[in-house]
$ cat work32.cif   # mmCIF, C-alpha atoms
data_start
loop_
_atom_site.label_atom_id
_atom_site.label_comp_id
_atom_site.auth_asym_id
_atom_site.auth_seq_id
_atom_site.Cartn_x
_atom_site.Cartn_y
_atom_site.Cartn_z
CA MET A 44 -19.11 -8.00 -12.18
CA LYS A 45 -21.60 -6.42 -9.76
CA GLY A 46 -21.99 -8.29 -6.49
CA SER A 47 -18.93 -10.46 -7.02
CA PHE A 48 -16.13 -10.81 -4.51
CA ARG A 49 -13.82 -8.85 -6.81
CA SER A 50 -16.18 -5.87 -7.01
CA SER A 51 -16.66 -5.84 -3.25
CA CYS A 52 -13.03 -5.77 -2.18
CA THR A 53 -10.43 -4.73 -4.72
CA SER A 54 -9.32 -1.18 -4.07
CA GLY A 55 -9.53 -0.57 -0.38
CA LYS A 56 -11.81 2.08 1.01
CA ARG A 57 -12.86 3.42 -2.39
CA VAL A 58 -15.11 0.45 -3.21
CA GLY A 59 -16.46 -0.56 0.16
CA CYS A 60 -13.71 -2.60 1.78
CA ALA A 61 -12.97 -0.35 4.74
CA VAL A 62 -9.56 -0.53 6.35
CA ASP A 63 -7.96 1.18 9.33
CA TYR A 64 -5.63 3.21 7.15
CA THR A 65 -5.23 4.31 3.54
CA LEU A 66 -1.72 4.98 2.26
CA THR A 67 -1.59 8.44 0.65
CA GLU A 68 0.85 10.64 -1.21
CA HIS A 69 1.69 12.25 2.15
CA ASP A 70 3.10 8.93 3.30
CA VAL A 71 5.31 8.45 0.24
CA THR A 72 6.52 12.06 0.11
CA GLY A 73 7.19 12.53 3.81
CA GLY A 74 4.30 14.99 4.16
CA ASP A 75 2.99 15.42 7.67
CA ARG A 76 -0.75 16.03 7.39
CA HIS A 77 -1.55 14.43 10.78
CA GLY A 78 1.76 14.90 12.57
CA THR A 79 2.49 11.19 12.12
CA ALA A 80 4.97 11.06 9.22
CA GLY A 81 7.70 8.53 9.92
CA ARG A 82 5.81 7.02 12.86
CA CYS A 83 4.42 3.93 11.15
CA VAL A 84 4.48 1.45 14.03
CA ASP A 85 3.13 -1.44 11.95
CA ALA A 86 5.55 -1.22 9.00
CA VAL A 87 6.01 -4.47 7.08
CA ALA A 88 7.85 -3.16 4.02
CA VAL A 89 9.54 -0.11 2.53
CA GLY A 90 8.61 1.52 -0.75
CA GLU A 91 10.83 3.93 -2.65
CA PHE A 92 9.72 4.10 -6.28
CA PRO A 93 9.06 7.69 -7.42
CA ILE A 94 5.47 8.82 -7.77
CA ASP A 95 4.39 8.45 -11.36
CA SER A 96 0.93 8.25 -12.79
CA PHE A 97 -0.14 7.68 -16.35
CA PRO A 98 -2.70 9.88 -18.08
CA SER A 99 -6.32 9.16 -17.30
CA ARG A 100 -7.41 9.79 -20.89
CA LYS A 101 -5.97 10.03 -24.39
CA ARG A 102 -4.54 13.29 -25.63
CA GLN A 103 -7.28 15.78 -26.44
CA PRO A 104 -6.95 18.80 -28.77
CA GLU A 105 -6.96 21.18 -25.78
CA ASP A 106 -4.06 19.31 -24.09
CA THR A 107 -1.12 21.49 -25.05
CA HIS A 108 1.39 20.68 -22.30
CA VAL A 109 0.30 17.97 -19.87
CA LEU A 110 -2.23 15.18 -20.16
CA GLU A 111 -4.96 15.03 -17.52
CA GLY A 112 -3.86 12.76 -14.66
CA TYR A 113 -0.19 12.59 -15.70
CA LEU A 114 2.26 13.10 -12.83
CA GLY A 115 5.57 12.16 -14.43
CA MET A 116 8.45 10.83 -12.38
CA LEU A 117 8.33 12.87 -9.20
CA ALA A 118 11.54 11.47 -7.74
CA HIS A 119 12.32 14.82 -6.14
CA LEU A 120 9.17 14.46 -4.00
CA THR A 121 9.16 10.77 -3.21
CA ARG A 122 11.05 9.46 -0.19
CA PRO A 123 11.67 5.89 0.94
CA SER A 124 8.70 5.21 3.16
CA ARG A 125 7.34 2.62 5.52
CA ILE A 126 4.32 0.66 4.33
CA PRO A 127 1.91 -0.24 7.13
CA TYR A 128 0.42 -3.71 7.62
CA ARG A 129 -3.05 -2.27 8.19
CA ILE A 130 -3.45 -1.16 4.54
CA MET A 131 -3.75 -4.89 3.73
CA ILE A 132 -6.35 -5.77 6.38
CA PRO A 133 -10.06 -5.18 5.65
CA GLU A 134 -12.10 -4.25 8.72
CA SER A 135 -15.22 -6.17 7.77
CA ARG A 136 -13.73 -9.28 6.16
CA ASP A 137 -12.29 -11.99 8.36
CA ALA A 138 -9.44 -14.29 7.31
CA LEU A 139 -8.37 -11.98 4.49
CA ILE A 140 -5.07 -10.25 3.77
CA VAL A 141 -4.96 -8.09 0.63
CA PRO A 142 -1.33 -7.28 -0.28
CA VAL A 143 -1.68 -6.13 -3.90
CA ALA A 144 -5.10 -4.44 -3.85
CA ALA A 145 -4.10 -2.68 -0.64
CA SER A 146 -5.85 0.49 0.48
CA THR A 147 -4.03 3.38 -1.19
CA THR A 148 -4.84 6.56 -3.01
CA HIS A 149 -4.16 6.69 -6.74
CA VAL A 150 -0.96 8.67 -6.19
CA ALA A 151 0.40 6.45 -3.41
CA TYR A 152 -0.42 3.35 -5.46
CA SER A 153 1.79 4.66 -8.26
CA SER A 154 4.71 4.57 -5.82
CA ILE A 155 4.14 1.06 -4.40
CA ARG A 156 3.09 -0.68 -7.62
CA MET A 157 6.52 -2.05 -8.50
CA GLU A 158 7.36 -5.75 -8.22
CA PRO A 159 9.99 -5.41 -5.44
CA THR A 160 7.37 -3.74 -3.24
CA TRP A 161 4.75 -6.36 -4.14
CA MET A 162 7.22 -9.10 -3.22
CA ALA A 163 7.81 -7.48 0.17
CA LEU A 164 4.08 -7.05 0.80
CA ARG A 165 3.34 -10.64 -0.27
CA GLN A 166 6.10 -11.89 2.03
CA ALA A 167 4.56 -9.93 4.90
CA ALA A 168 1.11 -11.32 4.04
CA GLY A 169 2.42 -14.89 4.02
CA VAL A 170 4.15 -14.51 7.37
CA ALA A 171 1.05 -12.81 8.83
CA ALA A 172 -1.15 -15.68 7.60
CA HIS A 173 1.21 -18.15 9.25
CA LEU A 174 1.10 -16.22 12.53
CA ALA A 175 -2.69 -15.91 12.38
CA LEU A 176 -2.97 -19.70 12.08
CA GLN A 177 -0.34 -20.30 14.74
CA HIS A 178 -2.02 -17.92 17.20
CA ARG A 179 -5.57 -18.90 16.19
CA CYS A 180 -6.52 -15.29 15.52
CA GLN A 181 -7.75 -13.12 12.68
CA PRO A 182 -5.07 -11.41 10.55
CA ARG A 183 -6.00 -8.03 12.08
CA ALA A 184 -5.07 -9.45 15.52
CA VAL A 185 -1.63 -10.76 14.55
CA PRO A 186 0.97 -9.45 17.03
CA ILE A 187 2.73 -6.74 15.01
CA ALA A 188 6.01 -6.93 16.94
CA LEU A 189 6.21 -10.67 16.30
CA LEU A 190 5.34 -10.21 12.61
CA GLN A 191 8.07 -7.58 12.29
CA GLN A 192 10.57 -9.83 14.09
CA TYR A 193 9.85 -12.73 11.71
CA LEU A 194 10.21 -10.39 8.73
CA THR A 195 13.51 -8.85 9.88
CA ASP A 196 14.86 -12.33 10.69
CA GLN A 197 14.10 -13.21 7.05
CA GLY A 198 15.93 -10.11 5.81
CA GLN A 199 12.92 -7.88 5.12
CA VAL A 200 13.65 -4.14 5.33
CA LEU A 201 11.07 -2.36 7.50
CA ALA A 202 12.52 1.16 7.73
CA PRO A 203 14.39 3.43 5.34
CA GLU A 204 18.07 3.79 6.11
#
$ encode --input "work32.cif" --output "structure tokens"
Amino acid sequence: MKGSFRSSCTSGKRVGCAVDYTLTEHDVTGGDRHGTAGRCVDAVAVGEFPIDSFPSRKRQPEDTHVLEGYLGMLAHLTRPSRIPYRIMIPESRDALIVPVAASTTHVAYSSIRMEPTWMALRQAAGVAAHLALQHRCQPRAVPIALLQQYLTDQGQVLAPE
């Protein structure tokens, strides 16, 4: 629905809810487009599901081998990867943490869309909300080291082994 909350902030940067960072396929494959792979200082979870993406349209007569948009199970490319807190924090919306409609590309989303990853992101969001209230600050100002300490104390995995 145009103008609704849902249409204004559901898929990260793509629909007008700017964030500091968008998770991309480079993050989930270990690519190093900015020289920063593996240096996610605000990690709150780890994802490891292989990249897979379903077709973006039904089979057409000219589709002889692969459907448009289909990426299959690219387990040979996907690596366990850190998921940063900042993909859940909109720049222009206060008091909001968005764990499931986080800012990702289509390909990266296919890797983090599994329930174990959602559970980890929701756990991080809950702890961050608690810390924001406790410290009387916006979620984007939550002390990352403290958030990570709470999460690791609760058994959350923040880095691939």
$ residues_around --input "work32.cif" --residues "Val87 of chain A" --least-positions-apart "5" --cutoff "12 Å" --atoms "all atoms listed in the file" --output "VMD selection string"
chain A and resid 124 to 131 142 160 to 171 187 to 195 197 to 203
$ atom_distance --input "work32.cif" --atom1 "atom CA of Arg136 of chain A" --atom2 "atom CA of Tyr64 of chain A"
14.9 Å
$ atom_distance --input "work32.cif" --atom1 "atom CA of Ser154 of chain A" --atom2 "atom CA of Thr72 of chain A"
9.7 Å
$ closest_residue --input "work32.cif" --among "A:Thr67, A:Pro186, A:Gly73, A:Pro123" --to "Asp85 of chain A" --atoms "all atoms listed in the file"
A:Pro186
$ atom_distance --input "work32.cif" --atom1 "atom CA of Thr148 of chain A" --atom2 "atom CA of Val185 of chain A"
24.9 Å
$ closest_residue --input "work32.cif" --among "A:Gln181, A:Glu91, A:Arg122, A:Ala61" --to "Arg156 of chain A" --atoms "all atoms listed in the file"
A:Glu91
$ closest_residue --input "work32.cif" --among "A:Ala172, A:Val71, A:Ala86, A:Val143" --to "Ala184 of chain A" --atoms "only C-alpha atoms"
A:Ala172
$ residues_around --input "work32.cif" --residues "Thr147 of chain A" --least-positions-apart "2" --cutoff "10 Å" --atoms "only C-alpha atoms" --output "PyMOL selection string"
chain A and resi 54-57+64-68+130-131+144-145+149-155
